[in-house]
>>> print(open('model_28.pdb').read())   # PDB, N, CA and C atoms
ATOM      1  N   VAL R 991      62.545  93.796 -43.866
ATOM      2  CA  VAL R 991      62.747  94.947 -44.733
ATOM      3  C   VAL R 991      61.404  95.353 -45.313
ATOM      4  N   GLN R 992      61.089  96.627 -45.163
ATOM      5  CA  GLN R 992      59.879  97.171 -45.775
ATOM      6  C   GLN R 992      60.300  98.053 -46.936
ATOM      7  N   ASP R 993      60.089  97.547 -48.134
ATOM      8  CA  ASP R 993      60.433  98.298 -49.328
ATOM      9  C   ASP R 993      59.382  99.384 -49.556
ATOM     10  N   GLN R 994      59.782 100.475 -50.172
ATOM     11  CA  GLN R 994      58.863 101.570 -50.490
ATOM     12  C   GLN R 994      58.258 102.207 -49.241
ATOM     13  N   TRP R 995      59.072 102.434 -48.200
ATOM     14  CA  TRP R 995      58.599 103.073 -46.973
ATOM     15  C   TRP R 995      58.471 104.569 -47.203
ATOM     16  N   TRP R 996      57.252 105.076 -47.066
ATOM     17  CA  TRP R 996      56.975 106.507 -47.234
ATOM     18  C   TRP R 996      56.331 107.036 -45.966
ATOM     19  N   ARG R 997      56.729 108.204 -45.553
ATOM     20  CA  ARG R 997      56.151 108.845 -44.384
ATOM     21  C   ARG R 997      54.820 109.498 -44.739
ATOM     22  N   GLN R 998      53.944 109.572 -43.746
ATOM     23  CA  GLN R 998      52.643 110.203 -43.935
ATOM     24  C   GLN R 998      52.773 111.702 -44.212
ATOM     25  N   ARG R 999      53.821 112.313 -43.661
ATOM     26  CA  ARG R 999      53.965 113.767 -43.739
ATOM     27  C   ARG R 999      55.331 114.204 -44.264
ATOM     28  N   GLY R1000      55.845 113.544 -45.273
ATOM     29  CA  GLY R1000      57.107 113.961 -45.880
ATOM     30  C   GLY R1000      58.281 113.892 -44.928
ATOM     31  N   HIS R1001      58.805 115.041 -44.531
ATOM     32  CA  HIS R1001      59.982 115.094 -43.657
ATOM     33  C   HIS R1001      59.616 115.114 -42.172
ATOM     34  N   ARG R1002      58.380 114.785 -41.850
ATOM     35  CA  ARG R1002      57.922 114.719 -40.458
ATOM     36  C   ARG R1002      57.618 113.261 -40.122
ATOM     37  N   LEU R1003      58.283 112.729 -39.110
ATOM     38  CA  LEU R1003      58.113 111.337 -38.697
ATOM     39  C   LEU R1003      57.015 111.261 -37.639
ATOM     40  N   CYS R1004      55.981 110.474 -37.896
ATOM     41  CA  CYS R1004      54.895 110.334 -36.925
ATOM     42  C   CYS R1004      54.721 108.859 -36.546
ATOM     43  N   GLY R1005      53.913 108.609 -35.553
ATOM     44  CA  GLY R1005      53.717 107.258 -35.056
ATOM     45  C   GLY R1005      53.249 106.286 -36.114
ATOM     46  N   GLU R1006      52.373 106.751 -37.018
ATOM     47  CA  GLU R1006      51.876 105.871 -38.071
ATOM     48  C   GLU R1006      52.999 105.379 -38.970
ATOM     49  N   ASP R1007      54.041 106.194 -39.129
ATOM     50  CA  ASP R1007      55.178 105.804 -39.963
ATOM     51  C   ASP R1007      55.947 104.629 -39.369
ATOM     52  N   LEU R1008      55.846 104.464 -38.070
ATOM     53  CA  LEU R1008      56.605 103.422 -37.372
ATOM     54  C   LEU R1008      55.750 102.220 -37.001
ATOM     55  N   ALA R1009      54.494 102.222 -37.426
ATOM     56  CA  ALA R1009      53.541 101.183 -37.004
ATOM     57  C   ALA R1009      54.052  99.775 -37.261
ATOM     58  N   GLN R1010      54.591  99.520 -38.435
ATOM     59  CA  GLN R1010      55.061  98.160 -38.738
ATOM     60  C   GLN R1010      56.248  97.780 -37.852
ATOM     61  N   LEU R1011      57.171  98.715 -37.621
ATOM     62  CA  LEU R1011      58.310  98.418 -36.745
ATOM     63  C   LEU R1011      57.858  98.160 -35.312
ATOM     64  N   LEU R1012      56.852  98.890 -34.871
ATOM     65  CA  LEU R1012      56.381  98.757 -33.493
ATOM     66  C   LEU R1012      55.708  97.415 -33.230
ATOM     67  N   THR R1013      55.231  96.739 -34.281
ATOM     68  CA  THR R1013      54.631  95.418 -34.074
ATOM     69  C   THR R1013      55.666  94.400 -33.602
ATOM     70  N   ALA R1014      56.948  94.684 -33.829
ATOM     71  CA  ALA R1014      58.027  93.801 -33.375
ATOM     72  C   ALA R1014      58.405  94.075 -31.920
ATOM     73  N   ASN R1015      57.750  95.064 -31.302
ATOM     74  CA  ASN R1015      57.998  95.415 -29.903
ATOM     75  C   ASN R1015      59.485  95.694 -29.633
ATOM     76  N   PRO R1016      60.084  96.632 -30.383
ATOM     77  CA  PRO R1016      61.522  96.897 -30.217
ATOM     78  C   PRO R1016      61.817  97.674 -28.934
ATOM     79  N   ASP R1017      63.027  97.496 -28.435
ATOM     80  CA  ASP R1017      63.519  98.306 -27.325
ATOM     81  C   ASP R1017      64.076  99.628 -27.847
ATOM     82  N   GLU R1018      64.602  99.597 -29.060
ATOM     83  CA  GLU R1018      65.165 100.802 -29.680
ATOM     84  C   GLU R1018      64.892 100.785 -31.174
ATOM     85  N   ILE R1019      64.586 101.972 -31.701
ATOM     86  CA  ILE R1019      64.463 102.157 -33.143
ATOM     87  C   ILE R1019      65.502 103.189 -33.551
ATOM     88  N   VAL R1020      66.403 102.795 -34.418
ATOM     89  CA  VAL R1020      67.399 103.706 -34.978
ATOM     90  C   VAL R1020      66.777 104.311 -36.238
ATOM     91  N   VAL R1021      66.718 105.641 -36.288
ATOM     92  CA  VAL R1021      66.113 106.326 -37.427
ATOM     93  C   VAL R1021      67.177 107.120 -38.165
ATOM     94  N   GLY R1022      67.416 106.753 -39.413
ATOM     95  CA  GLY R1022      68.279 107.540 -40.281
ATOM     96  C   GLY R1022      67.450 108.689 -40.840
ATOM     97  N   THR R1023      67.845 109.903 -40.539
ATOM     98  CA  THR R1023      67.045 111.079 -40.888
ATOM     99  C   THR R1023      67.384 111.653 -42.257
ATOM    100  N   GLY R1024      68.085 110.878 -43.075
ATOM    101  CA  GLY R1024      68.482 111.333 -44.398
ATOM    102  C   GLY R1024      69.933 111.783 -44.397
ATOM    103  N   ILE R1025      70.468 111.975 -45.567
ATOM    104  CA  ILE R1025      71.865 112.400 -45.685
ATOM    105  C   ILE R1025      72.080 113.747 -45.012
ATOM    106  N   HIS R1026      71.101 114.635 -45.137
ATOM    107  CA  HIS R1026      71.219 115.979 -44.575
ATOM    108  C   HIS R1026      70.445 116.145 -43.270
ATOM    109  N   GLY R1027      69.878 115.075 -42.751
ATOM    110  CA  GLY R1027      69.185 115.126 -41.468
ATOM    111  C   GLY R1027      67.877 115.892 -41.496
ATOM    112  N   ARG R1028      67.135 115.820 -42.572
ATOM    113  CA  ARG R1028      65.914 116.621 -42.726
ATOM    114  C   ARG R1028      64.661 115.998 -42.113
ATOM    115  N   LEU R1029      64.696 114.721 -41.804
ATOM    116  CA  LEU R1029      63.537 114.054 -41.214
ATOM    117  C   LEU R1029      63.509 114.337 -39.714
ATOM    118  N   HIS R1030      62.379 114.824 -39.211
ATOM    119  CA  HIS R1030      62.244 115.174 -37.791
ATOM    120  C   HIS R1030      60.957 114.576 -37.225
ATOM    121  N   PRO R1031      60.981 114.187 -35.949
ATOM    122  CA  PRO R1031      59.772 113.631 -35.336
ATOM    123  C   PRO R1031      58.741 114.732 -35.062
ATOM    124  N   VAL R1032      57.472 114.368 -35.153
ATOM    125  CA  VAL R1032      56.403 115.318 -34.847
ATOM    126  C   VAL R1032      56.158 115.358 -33.347
ATOM    127  N   GLY R1033      55.765 116.531 -32.880
ATOM    128  CA  GLY R1033      55.290 116.722 -31.509
ATOM    129  C   GLY R1033      55.969 115.898 -30.449
ATOM    130  N   SER R1034      55.172 115.083 -29.800
ATOM    131  CA  SER R1034      55.659 114.319 -28.640
ATOM    132  C   SER R1034      56.017 112.879 -28.986
ATOM    133  N   LEU R1035      56.332 112.604 -30.240
ATOM    134  CA  LEU R1035      56.619 111.231 -30.653
ATOM    135  C   LEU R1035      57.714 110.589 -29.807
ATOM    136  N   VAL R1036      58.816 111.287 -29.600
ATOM    137  CA  VAL R1036      59.934 110.714 -28.834
ATOM    138  C   VAL R1036      59.479 110.391 -27.414
ATOM    139  N   ALA R1037      58.802 111.331 -26.767
ATOM    140  CA  ALA R1037      58.325 111.116 -25.393
ATOM    141  C   ALA R1037      57.272 110.006 -25.340
ATOM    142  N   ASP R1038      56.383 109.968 -26.326
ATOM    143  CA  ASP R1038      55.348 108.932 -26.364
ATOM    144  C   ASP R1038      55.968 107.545 -26.465
ATOM    145  N   LEU R1039      56.973 107.399 -27.327
ATOM    146  CA  LEU R1039      57.626 106.100 -27.468
ATOM    147  C   LEU R1039      58.417 105.736 -26.218
ATOM    148  N   GLU R1040      59.089 106.724 -25.635
ATOM    149  CA  GLU R1040      59.843 106.450 -24.408
ATOM    150  C   GLU R1040      58.916 105.980 -23.294
ATOM    151  N   SER R1041      57.711 106.544 -23.232
ATOM    152  CA  SER R1041      56.763 106.117 -22.198
ATOM    153  C   SER R1041      56.307 104.673 -22.416
ATOM    154  N   GLN R1042      56.477 104.168 -23.641
ATOM    155  CA  GLN R1042      56.159 102.778 -23.966
ATOM    156  C   GLN R1042      57.391 101.879 -23.869
ATOM    157  N   GLY R1043      58.513 102.457 -23.451
ATOM    158  CA  GLY R1043      59.738 101.682 -23.308
ATOM    159  C   GLY R1043      60.541 101.540 -24.587
ATOM    160  N   VAL R1044      60.283 102.406 -25.579
ATOM    161  CA  VAL R1044      60.989 102.344 -26.857
ATOM    162  C   VAL R1044      61.871 103.579 -26.996
ATOM    163  N   ARG R1045      63.161 103.364 -27.144
ATOM    164  CA  ARG R1045      64.090 104.470 -27.368
ATOM    165  C   ARG R1045      64.127 104.774 -28.863
ATOM    166  N   LEU R1046      64.003 106.048 -29.222
ATOM    167  CA  LEU R1046      64.064 106.476 -30.615
ATOM    168  C   LEU R1046      65.364 107.246 -30.795
ATOM    169  N   SER R1047      66.292 106.679 -31.566
ATOM    170  CA  SER R1047      67.592 107.298 -31.808
ATOM    171  C   SER R1047      67.590 107.881 -33.213
ATOM    172  N   LEU R1048      67.584 109.207 -33.301
ATOM    173  CA  LEU R1048      67.510 109.898 -34.590
ATOM    174  C   LEU R1048      68.846 110.533 -34.922
ATOM    175  N   MET R1049      69.324 110.277 -36.157
ATOM    176  CA  MET R1049      70.587 110.857 -36.602
ATOM    177  C   MET R1049      70.687 110.715 -38.114
ATOM    178  N   PRO R1050      71.522 111.543 -38.763
ATOM    179  CA  PRO R1050      71.717 111.395 -40.211
ATOM    180  C   PRO R1050      72.117 109.959 -40.571
ATOM    181  N   ASN R1051      71.823 109.566 -41.796
ATOM    182  CA  ASN R1051      71.980 108.173 -42.208
ATOM    183  C   ASN R1051      73.350 107.564 -41.935
ATOM    184  N   VAL R1052      74.422 108.292 -42.212
ATOM    185  CA  VAL R1052      75.759 107.725 -42.006
ATOM    186  C   VAL R1052      75.970 107.376 -40.536
ATOM    187  N   GLU R1053      75.594 108.300 -39.653
ATOM    188  CA  GLU R1053      75.732 108.051 -38.223
ATOM    189  C   GLU R1053      74.777 106.954 -37.755
ATOM    190  N   ALA R1054      73.559 106.942 -38.313
ATOM    191  CA  ALA R1054      72.572 105.924 -37.926
ATOM    192  C   ALA R1054      73.055 104.524 -38.308
ATOM    193  N   ARG R1055      73.621 104.405 -39.483
ATOM    194  CA  ARG R1055      74.166 103.113 -39.918
ATOM    195  C   ARG R1055      75.264 102.658 -38.963
ATOM    196  N   SER R1056      76.165 103.565 -38.623
ATOM    197  CA  SER R1056      77.257 103.229 -37.704
ATOM    198  C   SER R1056      76.722 102.854 -36.326
ATOM    199  N   HIS R1057      75.762 103.629 -35.835
ATOM    200  CA  HIS R1057      75.165 103.358 -34.521
ATOM    201  C   HIS R1057      74.512 101.975 -34.507
ATOM    202  N   TYR R1058      73.760 101.672 -35.542
ATOM    203  CA  TYR R1058      73.098 100.375 -35.650
ATOM    204  C   TYR R1058      74.129  99.236 -35.605
ATOM    205  N   HIS R1059      75.187  99.361 -36.387
ATOM    206  CA  HIS R1059      76.204  98.302 -36.418
ATOM    207  C   HIS R1059      76.969  98.216 -35.101
ATOM    208  N   GLN R1060      77.196  99.343 -34.435
ATOM    209  CA  GLN R1060      77.856  99.301 -33.123
ATOM    210  C   GLN R1060      77.002  98.537 -32.127
ATOM    211  N   LEU R1061      75.690  98.789 -32.149
ATOM    212  CA  LEU R1061      74.800  98.061 -31.247
ATOM    213  C   LEU R1061      74.814  96.569 -31.554
ATOM    214  N   MET R1062      74.798  96.226 -32.814
ATOM    215  CA  MET R1062      74.835  94.812 -33.188
ATOM    216  C   MET R1062      76.161  94.170 -32.777
ATOM    217  N   ASP R1063      77.263  94.909 -32.941
ATOM    218  CA  ASP R1063      78.569  94.378 -32.559
ATOM    219  C   ASP R1063      78.684  94.171 -31.055
ATOM    220  N   LYS R1064      77.948  94.968 -30.275
ATOM    221  CA  LYS R1064      77.985  94.839 -28.819
ATOM    222  C   LYS R1064      77.053  93.753 -28.314
ATOM    223  N   GLY R1065      76.353  93.112 -29.220
ATOM    224  CA  GLY R1065      75.464  92.033 -28.800
ATOM    225  C   GLY R1065      74.031  92.476 -28.642
ATOM    226  N   ALA R1066      73.519  93.214 -29.590
ATOM    227  CA  ALA R1066      72.150  93.720 -29.513
ATOM    228  C   ALA R1066      71.116  92.601 -29.536
ATOM    229  N   GLU R1067      71.569  91.352 -29.687
ATOM    230  CA  GLU R1067      70.621  90.246 -29.680
ATOM    231  C   GLU R1067      69.881  90.169 -28.345
ATOM    232  N   ALA R1068      70.478  90.752 -27.300
ATOM    233  CA  ALA R1068      69.871  90.711 -25.975
ATOM    234  C   ALA R1068      68.654  91.620 -25.867
ATOM    235  N   PHE R1069      68.510  92.527 -26.809
ATOM    236  CA  PHE R1069      67.302  93.355 -26.856
ATOM    237  C   PHE R1069      66.850  93.470 -28.301
ATOM    238  N   ARG R1070      65.644  93.952 -28.471
ATOM    239  CA  ARG R1070      65.055  94.033 -29.815
ATOM    240  C   ARG R1070      65.410  95.375 -30.449
ATOM    241  N   LEU R1071      66.034  95.307 -31.598
ATOM    242  CA  LEU R1071      66.503  96.495 -32.312
ATOM    243  C   LEU R1071      65.813  96.572 -33.665
ATOM    244  N   ALA R1072      65.373  97.776 -34.029
ATOM    245  CA  ALA R1072      64.761  98.014 -35.337
ATOM    246  C   ALA R1072      65.396  99.270 -35.924
ATOM    247  N   ALA R1073      65.255  99.432 -37.232
ATOM    248  CA  ALA R1073      65.828 100.619 -37.875
ATOM    249  C   ALA R1073      65.000 100.997 -39.093
ATOM    250  N   CYS R1074      65.025 102.285 -39.407
ATOM    251  CA  CYS R1074      64.421 102.795 -40.640
ATOM    252  C   CYS R1074      65.274 103.962 -41.123
ATOM    253  N   PHE R1075      65.311 104.141 -42.429
ATOM    254  CA  PHE R1075      66.174 105.141 -43.017
ATOM    255  C   PHE R1075      65.421 105.952 -44.067
ATOM    256  N   HIS R1076      65.525 107.272 -43.974
ATOM    257  CA  HIS R1076      64.955 108.180 -44.965
ATOM    258  C   HIS R1076      65.977 108.279 -46.105
ATOM    259  N   LEU R1077      65.604 107.771 -47.279
ATOM    260  CA  LEU R1077      66.580 107.628 -48.363
ATOM    261  C   LEU R1077      66.416 108.609 -49.510
ATOM    262  N   THR R1078      65.356 109.382 -49.537
ATOM    263  CA  THR R1078      65.092 110.197 -50.728
ATOM    264  C   THR R1078      65.881 111.500 -50.774
ATOM    265  N   CYS R1079      66.458 111.932 -49.663
ATOM    266  CA  CYS R1079      67.303 113.135 -49.700
ATOM    267  C   CYS R1079      68.223 113.195 -48.499
TER     268      CYS R1079
END
>>> encode(input="model_28.pdb", output="structure tokens")
Amino acid sequence: VQDQWWRQRGHRLCGEDLAQLLTANPDEIVVGTGIHGRLHPVGSLVADLESQGVRLSLMPNVEARSHYHQLMDKGAEAFRLAACFHLTC
């Protein structure tokens, strides 16, 4: 858990924002984009991560929480799963 997680560019998600999660070499990162879904990836972030073998799943927080738990219930131990949530709005 990384307390006090702040993005470099407010509602824009960039690679630097995910640096700590990426050190764990995840197969998938579930991103909660806030209650209203206002957090969005910059430029080619999704494609850049996919080229590194990392799936970036972006969705509003309620759906992201459910998606994360569904993956865990299906046995996500077989791959590396990470998550981050935009909580300020």
>>> atom_distance(input="model_28.pdb", atom1="atom CA of Val1052 of chain R", atom2="atom N of His1030 of chain R")
15.4 Å
>>> resolve_selection(input="model_28.pdb", expression="the PyMOL selection byres (((chain R and resi 1032-1048 and name CA) around 12) and name CA)", output="number ranges by chain")
R: 997-1009, 1011-1024, 1027-1031, 1049-1055, 1057-1058, 1061, 1069-1076
>>> atom_distance(input="model_28.pdb", atom1="atom CA of Leu1077 of chain R", atom2="atom C of Ile1025 of chain R")
8.9 Å
>>> atom_distance(input="model_28.pdb", atom1="atom CA of His1026 of chain R", atom2="atom N of Gln1060 of chain R")
20.4 Å
>>> select_by_dssp(input="model_28.pdb", residues="segment 1011-1068 of chain R", states="strand (DSSP E)", output="ChimeraX atom specification")
/R:1018-1022,1030-1031,1045-1049
>>> select_by_dssp(input="model_28.pdb", residues="chain R", states="alpha helix (DSSP H)", output="list in words")
Ala1009, Gln1010, Leu1011, Leu1012, Leu1035, Val1036, Ala1037, Asp1038, Leu1039, Glu1040, Ser1041, Asn1051, Val1052, Glu1053, Ala1054, Arg1055, Ser1056, His1057, Tyr1058, His1059, Gln1060, Leu1061, Met1062 and Asp1063 of chain R
